[in-house]
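Asker: Supplied structure: query.cif, mmCIF, C-alpha atoms.
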```cif
data_query
loop_
_atom_site.label_atom_id
_atom_site.label_comp_id
_atom_site.auth_asym_id
_atom_site.auth_seq_id
_atom_site.Cartn_x
_atom_site.Cartn_y
_atom_site.Cartn_z
CA MET L 1 36.19 -19.57 6.03
CA LEU L 2 34.44 -20.17 2.68
CA MET L 3 31.29 -21.33 4.50
CA LEU L 4 31.25 -18.16 6.63
CA LEU L 5 31.70 -15.97 3.56
CA ALA L 6 28.87 -17.76 1.70
CA LEU L 7 26.59 -17.43 4.73
CA SER L 8 27.21 -13.70 5.04
CA VAL L 9 26.71 -13.08 1.30
CA LEU L 10 23.59 -15.22 0.96
CA SER L 11 21.94 -14.22 4.22
CA SER L 12 18.93 -11.98 4.12
CA CYS L 13 16.39 -10.39 6.39
CA ALA L 14 13.02 -8.75 5.94
CA VAL L 15 11.54 -5.84 7.86
CA HIS L 16 7.80 -5.13 7.92
CA GLN L 17 6.28 -1.81 8.96
CA GLY L 18 3.17 0.21 8.18
CA TYR L 19 0.54 2.69 9.26
CA ILE L 20 -3.22 3.19 9.01
CA THR L 21 -5.07 6.38 8.14
CA ASN L 22 -8.67 7.25 7.35
CA SER L 23 -9.57 9.27 4.28
CA ALA L 24 -13.30 9.78 4.77
CA ALA L 25 -15.44 10.71 7.78
CA LEU L 26 -17.73 7.85 8.70
CA THR L 27 -19.59 9.56 11.49
CA SER L 28 -23.16 8.71 10.53
CA ASN L 29 -24.98 5.76 9.06
CA ASN L 30 -25.03 7.15 5.50
CA PHE L 31 -22.79 4.59 3.80
CA SER L 32 -22.36 0.90 3.07
CA TYR L 33 -19.23 -1.14 2.42
CA VAL L 34 -18.97 -2.28 -1.22
CA HIS L 35 -15.47 -3.80 -1.18
CA LEU L 36 -13.26 -4.92 1.70
CA ASP L 37 -9.48 -5.26 1.57
CA ALA L 38 -8.84 -3.82 -1.89
CA TYR L 39 -5.09 -3.62 -2.41
CA GLY L 40 -2.38 -2.35 -4.71
CA MET L 41 1.36 -2.99 -4.70
CA ALA L 42 4.55 -1.37 -5.95
CA LYS L 43 8.16 -2.59 -5.74
CA ALA L 44 11.58 -1.06 -6.04
CA ARG L 45 15.00 -2.70 -6.09
CA TYR L 46 18.26 -1.09 -5.13
CA ILE L 47 21.70 -2.42 -5.97
CA PHE L 48 24.46 -0.75 -3.98
CA GLY L 49 21.86 1.87 -3.01
CA ILE L 50 21.17 2.86 -6.63
CA GLY L 51 17.86 2.45 -8.42
CA GLY L 52 14.20 2.28 -7.54
CA LEU L 53 11.88 5.01 -6.36
CA ASN L 54 11.54 7.02 -3.16
CA HIS L 55 8.90 6.09 -0.57
CA SER L 56 6.28 8.66 -1.60
CA ALA L 57 6.51 7.53 -5.23
CA LEU L 58 6.05 3.89 -4.19
CA VAL L 59 2.93 4.82 -2.19
CA ASP L 60 1.57 6.70 -5.21
CA TYR L 61 2.19 3.76 -7.57
CA ALA L 62 0.65 1.30 -5.08
CA LYS L 63 -2.45 3.51 -4.75
CA ARG L 64 -2.73 3.79 -8.54
CA ASP L 65 -2.50 -0.02 -8.74
CA LEU L 66 -5.29 -0.33 -6.16
CA LEU L 67 -7.53 2.09 -8.09
CA SER L 68 -6.81 0.37 -11.42
CA LYS L 69 -7.96 -2.95 -9.94
CA THR L 70 -11.00 -1.50 -8.15
CA PRO L 71 -11.96 1.87 -9.67
CA LEU L 72 -14.13 4.18 -7.60
CA ARG L 73 -17.58 5.13 -8.86
CA ASP L 74 -19.70 8.13 -7.94
CA ASN L 75 -20.38 8.46 -4.18
CA GLN L 76 -17.57 6.00 -3.32
CA ALA L 77 -14.48 6.63 -1.22
CA LEU L 78 -11.46 4.80 0.19
CA VAL L 79 -11.54 4.31 3.97
CA ASN L 80 -9.39 2.48 6.52
CA LEU L 81 -6.37 3.11 4.34
CA SER L 82 -3.30 1.11 5.34
CA VAL L 83 0.23 1.48 3.96
CA ASN L 84 2.57 -1.43 4.64
CA TRP L 85 6.24 -1.80 3.83
CA LYS L 86 8.38 -4.88 3.41
CA SER L 87 12.10 -4.37 2.99
CA THR L 88 14.25 -7.36 2.12
CA VAL L 89 17.99 -7.01 2.41
CA ILE L 90 20.40 -9.48 0.90
CA LEU L 91 23.77 -8.51 2.19
CA PRO L 92 25.80 -6.68 1.22
CA PHE L 93 24.46 -5.11 -1.94
CA TRP L 94 20.80 -5.82 -2.82
CA VAL L 95 17.65 -4.33 -1.23
CA SER L 96 14.05 -4.85 -2.32
CA VAL L 97 11.29 -2.58 -1.00
CA GLN L 98 7.62 -3.46 -1.47
CA CYS L 99 4.77 -1.07 -0.65
CA THR L 100 1.24 -2.42 -0.26
CA VAL L 101 -1.74 -0.07 0.08
CA THR L 102 -4.96 -1.65 1.32
CA ALA L 103 -8.32 0.03 1.81
CA ASP L 104 -12.01 -0.60 2.16
CA ILE L 105 -14.39 1.04 -0.31
CA VAL L 106 -17.61 2.56 0.94
CA GLU L 107 -20.50 4.01 -1.00
CA PHE L 108 -22.35 6.95 0.48
CA LYS L 109 -26.11 7.04 0.22
CA GLU L 110 -27.42 9.83 -1.95
CA THR L 111 -29.19 12.56 -0.08
CA SER L 112 -31.76 14.74 -1.70
CA ASN L 113 -31.44 18.45 -1.06
CA VAL L 114 -34.66 19.21 -2.92
CA LYS L 115 -37.51 20.42 -0.71
CA GLU L 116 -40.99 19.34 -1.62
#
```
Any chance you could put this one into structure tokens?
Answerer:
Amino acid sequence: MLMLLALSVLSSCAVHQGYITNSAALTSNNFSYVHLDAYGMAKARYIFGIGGLNHSALVDYAKRDLLSKTPLRDNQALVNLSVNWKSTVILPFWVSVQCTVTADIVEFKETSNVKE
């Protein structure tokens, strides 16, 4: 009985999920990749369902972490944006949620609008 109780209390599982979105239109050959797989992370912990941040706040903090590590310069944009979630549950009372935002950084070529 004690072994079964210890197993149920110390057991854990992790769930991974995510989605990909694009934030810039890459329809013509007017850009070059300057950084691949830039990433930022944010974590929240919940004990008995209390604590941490909501999902949109975690995404915001993860994106801020990404931009603090790899700041954008003029004519640069994030593309191929991916938001991934890892939830770890240690029964019955502790949950950890980690949000990772990854993106590629492209730099658009400057175009001159001045007619000669």
Asker: Between atom CA of Leu81 of chain L and atom CA of Leu36 of chain L, what distance in Å does the model show, to one decimal?
Answerer: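 Interatomic distance here is 10.9 Å.
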Asker: Carefully work through the PyMOL selection byres ((chain L and resi 60) around 12) for this structure and note down the residues it includes, as number ranges by chain.
Answerer: L: 40-43, 53-59, 61-67, 83, 99-101
Asker: My list of candidates is L:Val97, L:Val89, L:Ala77, L:Leu2. Which is closest to Val34 of chain L when distances are computed with all atoms listed in the file?
Answerer: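 Closest candidate: L:Ala77.
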Asker: Select, from L:Ser28, L:Gly49, L:Asp74, L:Ala103, the residue with the minimum atom-to-atom distance to Leu91 of chain L, counting all atoms listed in the file.
Answerer: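 Result for the nearest residue to Leu91 of chain L: L:Gly49.
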Asker: Nearest to Ala38 of chain L among L:Thr70, L:Gln17, L:Trp94, L:Asn75, with distances taken over only C-alpha atoms: which residue is it?
Answerer: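 The shortest atom-to-atom distance to Ala38 of chain L comes from L:Thr70.
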Asker: Given all atoms listed in the file as the basis, pick out the residue of L:Asn80, L:Ser96, L:Thr102, L:Thr27 nearest to Ile50 of chain L.
Answerer: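 So, comparing all the options, the nearest one is L:Ser96.
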Asker: Between atom CA of Ile47 of chain L and atom CA of Gly18 of chain L, what is the distance in Å, rounded to a tenth?
Answerer: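 Distance reported for this atom pair: 23.5 Å.
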Asker: Could you please determine the separation between atom CA of Ala44 of chain L and atom CA of Ser87 of chain L in Å, to one decimal place?
Answerer: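 Between these atoms lies a distance of 9.6 Å.
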Asker: Point out the residue among L:Trp85, L:Tyr39, L:Phe93, L:Tyr46 with the least atom-to-atom distance to Pro71 of chain L, counting all atoms listed in the file.
Answerer: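 The answer is L:Tyr39, which sits nearest to Pro71 of chain L.
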Asker: Residues within 7 Å of (-13.1, -0.1, 2.7), file coordinates, counting all atoms listed in the file: what are they? Give the list as an mmCIF file with C-alpha atoms, in the frame of the given file.
Answerer:
```cif
data_model
loop_
_atom_site.group_PDB
_atom_site.id
_atom_site.type_symbol
_atom_site.label_atom_id
_atom_site.label_comp_id
_atom_site.auth_asym_id
_atom_site.auth_seq_id
_atom_site.Cartn_x
_atom_site.Cartn_y
_atom_site.Cartn_z
ATOM 1 C CA TYR L 33 -19.230 -1.140 2.420
ATOM 2 C CA HIS L 35 -15.470 -3.800 -1.180
ATOM 3 C CA LEU L 36 -13.260 -4.920 1.700
ATOM 4 C CA ASP L 37 -9.480 -5.260 1.570
ATOM 5 C CA LEU L 78 -11.460 4.800 0.190
ATOM 6 C CA VAL L 79 -11.540 4.310 3.970
ATOM 7 C CA ASN L 80 -9.390 2.480 6.520
ATOM 8 C CA ALA L 103 -8.320 0.030 1.810
ATOM 9 C CA ASP L 104 -12.010 -0.600 2.160
ATOM 10 C CA ILE L 105 -14.390 1.040 -0.310
ATOM 11 C CA VAL L 106 -17.610 2.560 0.940
#
```
Asker: With the PyMOL selection byres ((chain L and resi 109) around 6) as the selection, what would be picked from this file? Answer as a list in words, please.
Answerer: Asn30, Phe31, Phe108 and Glu110 of chain L
Asker: Hey, which of L:Val95, L:Lys69, L:Leu26, L:Thr88 ends up closest to Gly51 of chain L? Count only C-alpha atoms.
Answerer: L:Val95
